[in-house]
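coords13.json follows (JSON, C-alpha atoms):
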[["chain", "number", "residue", "atom", "x", "y", "z"],
["A", 1304, "GLN", "CA", -36.88, -8.63, 33.18],
["A", 1305, "VAL", "CA", -39.09, -10.89, 31.06],
["A", 1306, "GLN", "CA", -37.63, -13.02, 28.29],
["A", 1307, "LEU", "CA", -39.83, -14.35, 25.52],
["A", 1308, "VAL", "CA", -38.96, -17.05, 23.00],
["A", 1309, "GLU", "CA", -41.36, -17.71, 20.16],
["A", 1310, "SER", "CA", -41.70, -20.64, 17.80],
["A", 1311, "GLY", "CA", -44.19, -22.18, 15.41],
["A", 1312, "GLY", "CA", -44.44, -19.87, 12.43],
["A", 1313, "GLY", "CA", -44.17, -21.03, 8.84],
["A", 1314, "LEU", "CA", -45.82, -21.34, 5.47],
["A", 1315, "VAL", "CA", -49.30, -22.80, 5.24],
["A", 1316, "GLN", "CA", -52.04, -22.98, 2.64],
["A", 1317, "ALA", "CA", -55.25, -21.05, 3.09],
["A", 1318, "GLY", "CA", -57.63, -22.96, 5.31],
["A", 1319, "GLY", "CA", -54.79, -24.60, 7.19],
["A", 1320, "SER", "CA", -53.71, -24.34, 10.80],
["A", 1321, "LEU", "CA", -50.65, -23.33, 12.77],
["A", 1322, "ARG", "CA", -49.88, -23.12, 16.46],
["A", 1323, "LEU", "CA", -47.53, -20.49, 17.80],
["A", 1324, "SER", "CA", -45.77, -20.90, 21.12],
["A", 1325, "CYS", "CA", -44.17, -18.35, 23.40],
["A", 1326, "THR", "CA", -42.11, -19.48, 26.35],
["A", 1327, "PHE", "CA", -41.67, -16.86, 29.04],
["A", 1328, "SER", "CA", -39.71, -16.16, 32.18],
["A", 1329, "GLY", "CA", -41.12, -14.43, 35.24],
["A", 1330, "SER", "CA", -44.38, -15.03, 37.06],
["A", 1331, "ILE", "CA", -46.34, -11.80, 37.55],
["A", 1332, "PHE", "CA", -48.02, -10.26, 34.54],
["A", 1333, "THR", "CA", -50.63, -7.66, 33.85],
["A", 1334, "ALA", "CA", -51.42, -8.96, 30.37],
["A", 1335, "MET", "CA", -50.08, -11.38, 27.80],
["A", 1336, "GLY", "CA", -50.94, -12.20, 24.25],
["A", 1337, "TRP", "CA", -50.14, -11.89, 20.58],
["A", 1338, "PHE", "CA", -49.82, -9.00, 18.15],
["A", 1339, "ARG", "CA", -49.09, -9.09, 14.45],
["A", 1340, "GLN", "CA", -47.46, -6.74, 11.99],
["A", 1341, "ALA", "CA", -48.67, -7.09, 8.42],
["A", 1342, "PRO", "CA", -46.35, -6.57, 5.44],
["A", 1343, "GLY", "CA", -45.68, -2.91, 4.79],
["A", 1344, "LYS", "CA", -46.99, -1.82, 8.20],
["A", 1345, "GLN", "CA", -44.92, 0.01, 10.76],
["A", 1346, "ARG", "CA", -44.26, -1.15, 14.31],
["A", 1347, "GLU", "CA", -46.81, 1.37, 15.59],
["A", 1348, "GLN", "CA", -49.43, -0.32, 13.43],
["A", 1349, "ARG", "CA", -49.14, -3.71, 15.05],
["A", 1350, "GLU", "CA", -52.56, -5.24, 15.57],
["A", 1351, "SER", "CA", -53.60, -6.88, 18.79],
["A", 1352, "VAL", "CA", -54.72, -10.37, 17.83],
["A", 1353, "ALA", "CA", -55.46, -12.01, 21.16],
["A", 1354, "LEU", "CA", -54.89, -10.72, 24.66],
["A", 1355, "ILE", "CA", -55.31, -12.20, 28.12],
["A", 1356, "HIS", "CA", -55.88, -9.51, 30.76],
["A", 1357, "GLY", "CA", -56.76, -10.87, 34.17],
["A", 1358, "ASP", "CA", -59.65, -13.25, 33.67],
["A", 1359, "SER", "CA", -60.71, -11.82, 30.33],
["A", 1360, "ILE", "CA", -59.62, -12.73, 26.82],
["A", 1361, "ASN", "CA", -60.06, -10.39, 23.90],
["A", 1362, "TYR", "CA", -59.71, -11.22, 20.23],
["A", 1363, "SER", "CA", -59.63, -8.90, 17.27],
["A", 1364, "ASP", "CA", -62.77, -9.12, 15.14],
["A", 1365, "SER", "CA", -60.69, -10.37, 12.23],
["A", 1366, "VAL", "CA", -59.66, -13.57, 14.04],
["A", 1367, "LYS", "CA", -62.60, -14.18, 16.35],
["A", 1368, "GLY", "CA", -63.87, -17.73, 15.97],
["A", 1369, "ARG", "CA", -60.71, -18.88, 14.20],
["A", 1370, "PHE", "CA", -57.87, -18.22, 16.66],
["A", 1371, "THR", "CA", -57.60, -19.42, 20.24],
["A", 1372, "ILE", "CA", -55.15, -18.21, 22.86],
["A", 1373, "SER", "CA", -54.24, -20.40, 25.81],
["A", 1374, "ARG", "CA", -51.57, -20.68, 28.46],
["A", 1375, "ASP", "CA", -49.85, -23.49, 30.29],
["A", 1376, "ASN", "CA", -48.51, -22.13, 33.56],
["A", 1377, "ALA", "CA", -46.54, -25.27, 34.34],
["A", 1378, "LYS", "CA", -44.69, -25.01, 31.03],
["A", 1379, "LYS", "CA", -44.62, -21.20, 31.17],
["A", 1380, "THR", "CA", -45.90, -21.09, 27.63],
["A", 1381, "VAL", "CA", -48.59, -19.11, 25.85],
["A", 1382, "TYR", "CA", -50.06, -20.56, 22.67],
["A", 1383, "LEU", "CA", -51.94, -19.17, 19.72],
["A", 1384, "LEU", "CA", -53.84, -21.80, 17.77],
["A", 1385, "MET", "CA", -54.76, -20.45, 14.36],
["A", 1386, "ASN", "CA", -57.37, -22.30, 12.33],
["A", 1387, "GLY", "CA", -58.95, -21.42, 9.03],
["A", 1388, "LEU", "CA", -55.99, -19.28, 8.04],
["A", 1389, "LYS", "CA", -56.48, -16.70, 5.33],
["A", 1390, "ALA", "CA", -54.05, -14.85, 3.10],
["A", 1391, "GLU", "CA", -54.73, -11.69, 5.11],
["A", 1392, "ASP", "CA", -53.39, -13.40, 8.23],
["A", 1393, "THR", "CA", -49.91, -13.22, 6.69],
["A", 1394, "ALA", "CA", -47.75, -11.22, 9.10],
["A", 1395, "VAL", "CA", -44.99, -11.36, 11.63],
["A", 1396, "TYR", "CA", -46.52, -12.46, 14.91],
["A", 1397, "TYR", "CA", -45.15, -11.14, 18.18],
["A", 1398, "CYS", "CA", -45.61, -12.48, 21.64],
["A", 1399, "TYR", "CA", -46.41, -9.65, 24.04],
["A", 1400, "PHE", "CA", -46.25, -9.33, 27.81],
["A", 1401, "ASN", "CA", -47.09, -6.40, 30.03],
["A", 1402, "VAL", "CA", -45.79, -6.20, 33.58],
["A", 1403, "LEU", "CA", -47.32, -3.27, 35.44],
["A", 1404, "GLY", "CA", -47.14, -1.11, 32.34],
["A", 1405, "LYS", "CA", -43.76, -2.21, 31.06],
["A", 1406, "GLU", "CA", -43.98, -3.93, 27.71],
["A", 1407, "TYR", "CA", -41.97, -6.89, 26.49],
["A", 1408, "TRP", "CA", -41.93, -8.29, 22.97],
["A", 1409, "GLY", "CA", -40.77, -11.55, 21.47],
["A", 1410, "GLN", "CA", -38.47, -11.63, 18.48],
["A", 1411, "GLY", "CA", -41.34, -12.28, 16.08],
["A", 1412, "THR", "CA", -42.20, -15.30, 13.97],
["A", 1413, "GLN", "CA", -43.28, -15.16, 10.34],
["A", 1414, "VAL", "CA", -46.60, -16.64, 9.31],
["A", 1415, "THR", "CA", -47.25, -16.81, 5.59],
["A", 1416, "VAL", "CA", -50.56, -18.03, 4.20],
["A", 1417, "SER", "CA", -50.66, -18.90, 0.53],
["A", 1418, "SER", "CA", -53.94, -18.57, -1.30]]
Using structure tokens, write down the structure that the file contains.
Amino acid sequence: QVQLVESGGGLVQAGGSLRLSCTFSGSIFTAMGWFRQAPGKQREQRESVALIHGDSINYSDSVKGRFTISRDNAKKTVYLLMNGLKAEDTAVYYCYFNVLGKEYWGQGTQVTVSS
């Protein structure tokens, strides 16, 4: 069982920055990263924002060059640094872990970007 605790969301002006954190339990993972669910979208429409899978990192085209995912194994924390935020980045952001095909989700943290 993997437990995820997120923090770091909030309200920011366009062009600003935020850093999300996700503290996790467990030690063996297939993939980890961040998804987001925009206002009015259903759970099935969550967008993969940044994902670490093995040695590779993948970003959605919409955040490439602005967002950076990183992990601190000693602190058991995954971060999402978001720079150059835009109004369209407004969403609930979810930490995501995959352990041999089983998915785990954080509780979600709201990010609101005012234009």
Query raised in the report: Residues around (-54.7, -4.8, 14.8), cut-off 9 Å, counting all atoms listed in the file - what are they as a ChimeraX atom specification?
Result: /A:1338-1340,1348-1352,1363,1365
Requested in this report: Within 12 Å of A:Val1414, counting only C-alpha atoms, which residues show up once you throw out same-chain ones fewer than 5 positions away? Write them as number ranges by chain, please.
Outcome: A: 1310-1317, 1319-1323, 1339-1342, 1383, 1385, 1388-1397
Dump of C-alpha atoms for the selected residues, as a JSON list (two decimals), keeping the file's coordinate frame:
[["chain", "number", "residue", "atom", "x", "y", "z"],
["A", 1310, "SER", "CA", -41.70, -20.64, 17.80],
["A", 1311, "GLY", "CA", -44.19, -22.18, 15.41],
["A", 1312, "GLY", "CA", -44.44, -19.87, 12.43],
["A", 1313, "GLY", "CA", -44.17, -21.03, 8.84],
["A", 1314, "LEU", "CA", -45.82, -21.34, 5.47],
["A", 1315, "VAL", "CA", -49.30, -22.80, 5.24],
["A", 1316, "GLN", "CA", -52.04, -22.98, 2.64],
["A", 1317, "ALA", "CA", -55.25, -21.05, 3.09],
["A", 1319, "GLY", "CA", -54.79, -24.60, 7.19],
["A", 1320, "SER", "CA", -53.71, -24.34, 10.80],
["A", 1321, "LEU", "CA", -50.65, -23.33, 12.77],
["A", 1322, "ARG", "CA", -49.88, -23.12, 16.46],
["A", 1323, "LEU", "CA", -47.53, -20.49, 17.80],
["A", 1339, "ARG", "CA", -49.09, -9.09, 14.45],
["A", 1340, "GLN", "CA", -47.46, -6.74, 11.99],
["A", 1341, "ALA", "CA", -48.67, -7.09, 8.42],
["A", 1342, "PRO", "CA", -46.35, -6.57, 5.44],
["A", 1383, "LEU", "CA", -51.94, -19.17, 19.72],
["A", 1385, "MET", "CA", -54.76, -20.45, 14.36],
["A", 1388, "LEU", "CA", -55.99, -19.28, 8.04],
["A", 1389, "LYS", "CA", -56.48, -16.70, 5.33],
["A", 1390, "ALA", "CA", -54.05, -14.85, 3.10],
["A", 1391, "GLU", "CA", -54.73, -11.69, 5.11],
["A", 1392, "ASP", "CA", -53.39, -13.40, 8.23],
["A", 1393, "THR", "CA", -49.91, -13.22, 6.69],
["A", 1394, "ALA", "CA", -47.75, -11.22, 9.10],
["A", 1395, "VAL", "CA", -44.99, -11.36, 11.63],
["A", 1396, "TYR", "CA", -46.52, -12.46, 14.91],
["A", 1397, "TYR", "CA", -45.15, -11.14, 18.18]]
Report task. To one decimal in Å, tell me the separation between atom CA of A:Leu1384 and atom CA of A:Arg1369. Result ->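 It comes out at 8.3 Å.
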Query raised in the report: Using all atoms listed in the file, which of A:Ile1355, A:Ala1334, A:Val1416, A:Val1308 sits nearest A:Phe1400?
Result: A:Ala1334
**Report entry** Minimum-distance residue to A:Thr1333, chosen among A:Arg1346, A:Ser1417, A:Val1381, A:Asp1358 (using only C-alpha atoms)
**Finding:**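 Among the listed residues, the smallest separation from A:Thr1333 belongs to A:Asp1358.
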**Report entry** Spatial neighbours of A:Ser1330, 10 Å, all atoms listed in the file, chain gap at least 2 places, as number ranges by chain
**Finding:** A: 1305, 1327-1328, 1332, 1376, 1379, 1402
Requested in this report: Would you work out the distance separating atom CA of A:Asp1364 from atom CA of A:Thr1415, expressed in Å to one decimal?
Outcome: 19.8 Å
**Report entry** Given all atoms listed in the file as the counted atoms, nearest of A:Asn1386, A:Gly1411, A:Tyr1362, A:Glu1347 to A:Cys1398
**Finding:**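 For A:Cys1398, the nearest of the candidates is A:Gly1411.
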Report task. Measuring atom to atom with only C-alpha atoms, identify which of A:Trp1337, A:Tyr1407, A:Lys1344, A:Thr1326 is nearest to A:Phe1370. Result ->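 Checking each of A:Trp1337, A:Tyr1407, A:Lys1344, A:Thr1326 against A:Phe1370, counting only C-alpha atoms, the winner is A:Trp1337.
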**Report entry** Residue nearest A:Gly1318 - candidates A:Gly1387, A:Ala1353, A:Leu1403, A:Gln1306, atoms counted: all atoms listed in the file
**Finding:** A:Gly1387
**Report entry** Using all atoms listed in the file: which of A:Lys1367, A:Tyr1399, A:Gly1343, A:Lys1405 has the shortest distance to A:Tyr1382
**Finding:**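 Result for the nearest residue to A:Tyr1382: A:Tyr1399.
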Query raised in the report: Interatomic distance between atom CA of A:Gly1329 and atom CA of A:Gln1345?
Result: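 Spanning atom CA of A:Gly1329 to atom CA of A:Gln1345 is a straight-line distance of 28.7 Å.
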